Amino acid sequence: MSWLPTGFAGYSCEFSPFHGNLIAVGTAQYYGIVGNGRLHVYDLNAPGGPQPVADFLTKDGVYDCAWSEANEHVIATAQGDGTVKLFDWTRPGGPIMSLEEHTAEVYGVDWNLNTKQLISSAAWDNTVKVWDVVQGVCVRTFRAHQQIAYAAIWAPARPMCLASVAGDAMLHIQDLAVGDMPVQSIQAHQHEILTCDWNKYNDFQVVTGSVDKTIRTFDLRNLTGPVQVLHGHQLAVRRVKCHPHCDNQIVSASYDMSAKVWDTNMGQMINHFDHHTEFVLGLDISLFQENLIATAAWDRTVCVWNCTQGPPPPRPPGMGQPVPRPPA
């Protein structure tokens with residue numbers, strides 16, 4: 001169980017798929033409205049406690065990050081300057097690649113689990129793009145969303161398929177093998193959808209989280225409406241993740257400053273954590289240690305703890321002070 005100071009407001013966090021002790025964190029200065037960003041990498045098992053092992057300062061906020069599925073050293077980032085930048089955390093300095101076609105902030109990035117040279121990005125220019133990082137080029141642009149695209153997440157079992165959500169309240173299923181238009185679509189909520197994920201054990205289940213405070217599950221075999229609507233958050237749901245070890249559990253993070261665990265068999269929340277003092281935007285679940293969760297928040301901290309062993313310990317005194325006001 002660990003608390004990590006980030007210096008900037010936390011937007012995203014992701015455990016390495018190669019090394020259980022490494023976690024990447026994306027942050028932004030002054031709440032991401034103005035100022036720089038940072039990509040941090042921490043070693044959770046360092047002697048004497050967790051330690052930063054890499055730190056990259058960027059021109060704009062780092063809104064999302066995703067580890068490479070092919071190279072244990074590489075991390076993709078969604079940047080506030082409209083680029084997708086790749087970093088090698090073992091090589092200090094700047095990015096090893098900058099992918100530049102979006103015309104507004106990039107808010108989401110995801111690495112394909114199967115076709116490992118492909119990454120997806122979702123941006124405020126309403127588009128979802130697919131990039132081939134071996135060639136360093138955009139290979140597909142999806143324009144089905146009518147408002148800001150917030151997330152585009154690859155299906156774990158279908159190499160060419162991704163789910164995307166946006167401010168237009170739509171959930172689109174895109175298939176690179178079929179064409180530029182969605183193969184399935186539904187208005188999944190009445191308000192903006194900020195996040196989505198696929199069930200790792202059910203190829204047909206997609207989960208969404210919205211400004212309407214609800215989490216909804218959908219079955220793509222009968223995409224006429226939600227299978228479940230989960231109530232419990234008090235403000236917008238910023239991120240949802242399906243549990244990598246439990247087919248019936250979802251973890252969520254919200255602007256209500258909490259993280260929650262849900263059981264879809266029971267149709268209700270089974271755990272609630274309110275250890276942060278600001279919006280919780282980043283969330284991940286370890287592949288290596290069952291029920292180890294990380295959250296990143298605007299209180300400038302990341303917390304890593306086992307969600308089945310009670311709440312995290314209190315935050316160390318002095319960590320996560322309020323963000324200073326930007327210069328006039």
# chains A, B, ... in the order shown; residues from 1 in each chain; ligands from 1
call {"tool": "closest_atom_pairs", "arguments": {"of": "region 117-208 of chain A", "to": "region 257-271 of chain A", "cutoff": "12 Å", "atoms": "only C-alpha atoms", "output": "JSON lines"}}
result
{"residue": "A:Asn199", "atom": "CA", "partner": "A:Thr264", "partner_atom": "CA", "distance": 11.0}
{"residue": "A:Gln205", "atom": "CA", "partner": "A:Thr264", "partner_atom": "CA", "distance": 11.3}
{"residue": "A:Val207", "atom": "CA", "partner": "A:Thr264", "partner_atom": "CA", "distance": 10.6}
call {"tool": "residues_around", "arguments": {"residues": "region 138-144 of chain A", "least_positions_apart": "3", "cutoff": "8 Å", "atoms": "only C-alpha atoms", "output": "PyMOL selection string"}}
result
chain A and resi 99+101+126-132+172+176+180-182
call {"tool": "closest_residue", "arguments": {"among": "A:Arg315, A:His19, A:His275, A:Arg238", "to": "Ala151 (chain A)", "atoms": "only C-alpha atoms"}}
result
A:Arg238
call {"tool": "residues_around", "arguments": {"residues": "Tyr31 (chain A)", "least_positions_apart": "3", "cutoff": "12 Å", "atoms": "only C-alpha atoms", "output": "ChimeraX atom specification"}}
result
/A:7-11,26-28,34-37,60-63,80,278-281,297-300,322-326
call {"tool": "atom_distance", "arguments": {"atom1": "CA of Ala46 (chain A)", "atom2": "CA of Arg91 (chain A)"}}
result
19.1 Å
call {"tool": "select_by_dssp", "arguments": {"residues": "region 108-174 of chain A", "states": "strand (DSSP E or B)", "output": "ChimeraX atom specification"}}
result
/A:108-111,118-123,128-132,137-142,149-154,161-166,170-174
call {"tool": "closest_residue", "arguments": {"among": "A:Leu292, A:Gln79, A:Ser98, A:Gln184", "to": "Val137 (chain A)", "atoms": "only C-alpha atoms"}}
result
A:Ser98
call {"tool": "closest_residue", "arguments": {"among": "A:Thr6, A:Thr308, A:Thr224, A:Thr277", "to": "His40 (chain A)", "atoms": "only C-alpha atoms"}}
result
A:Thr6
call {"tool": "residues_around", "arguments": {"residues": "Leu220 (chain A)", "least_positions_apart": "2", "cutoff": "6 Å", "atoms": "only C-alpha atoms", "output": "PyMOL selection string"}}
result
chain A and resi 204+222-223
call {"tool": "write_last_selection", "arguments": {"atoms": "N, CA, C and O atoms", "output": "PDB file, in the first residue's frame"}}
result
ATOM      1  N   PHE A 204     -18.612  -9.845 -25.580  1.00  0.00           N
ATOM      2  CA  PHE A 204     -19.759  -9.052 -26.013  1.00  0.00           C
ATOM      3  C   PHE A 204     -20.179  -7.995 -24.999  1.00  0.00           C
ATOM      4  O   PHE A 204     -21.118  -7.258 -25.248  1.00  0.00           O
ATOM      5  N   ASN A 222     -27.249  -7.926 -28.331  1.00  0.00           N
ATOM      6  CA  ASN A 222     -28.595  -7.368 -28.283  1.00  0.00           C
ATOM      7  C   ASN A 222     -28.493  -5.915 -27.855  1.00  0.00           C
ATOM      8  O   ASN A 222     -28.843  -5.551 -26.731  1.00  0.00           O
ATOM      9  N   LEU A 223     -28.000  -5.088 -28.761  1.00  0.00           N
ATOM     10  CA  LEU A 223     -27.644  -3.709 -28.420  1.00  0.00           C
ATOM     11  C   LEU A 223     -28.860  -2.788 -28.573  1.00  0.00           C
ATOM     12  O   LEU A 223     -28.872  -1.852 -29.363  1.00  0.00           O
TER      13      LEU A 223
END
call {"tool": "residues_around", "arguments": {"residues": "Ile285 (chain A)", "least_positions_apart": "6", "cutoff": "12 Å", "atoms": "only C-alpha atoms", "output": "ChimeraX atom specification"}}
result
/A:13-17,20,23,239-246,249-253,259,261,291-295,303-307
call {"tool": "residues_around", "arguments": {"residues": "Trp89 (chain A)", "least_positions_apart": "4", "cutoff": "12 Å", "atoms": "only C-alpha atoms", "output": "number ranges by chain"}}
result
A: 16, 22-25, 39-43, 52-56, 67-68, 71-76, 93-96
call {"tool": "closest_atom_pairs", "arguments": {"of": "region 47-119 of chain A", "to": "region 191-198 of chain A", "cutoff": "12 Å", "atoms": "only C-alpha atoms", "output": "CSV"}}
result
residue,atom,partner,partner_atom,distance
A:Asp64,CA,A:Thr195,CA,11.7
A:Tyr107,CA,A:Leu194,CA,9.7
A:Gly108,CA,A:Thr195,CA,9.1
A:Val109,CA,A:Thr195,CA,11.5
A:Asp110,CA,A:Asp197,CA,10.7
call {"tool": "atom_distance", "arguments": {"atom1": "CA of Ala236 (chain A)", "atom2": "CA of Val302 (chain A)"}}
result
19.7 Å
call {"tool": "atom_distance", "arguments": {"atom1": "CA of Thr208 (chain A)", "atom2": "CA of Gly32 (chain A)"}}
result
23.5 Å
call {"tool": "closest_residue", "arguments": {"among": "A:Val165, A:Ile33, A:Met1, A:Val183", "to": "Asn45 (chain A)", "atoms": "only C-alpha atoms"}}
result
A:Met1
call {"tool": "residues_around", "arguments": {"residues": "Met170 (chain A)", "least_positions_apart": "5", "cutoff": "6 Å", "atoms": "only C-alpha atoms", "output": "list in words"}}
result
Val165, Ile186, Gln187 and Ala188 of chain A
call {"tool": "closest_residue", "arguments": {"among": "A:Phe288, A:Tyr255, A:Phe18, A:Tyr150", "to": "Lys213 (chain A)", "atoms": "only C-alpha atoms"}}
result
A:Tyr255
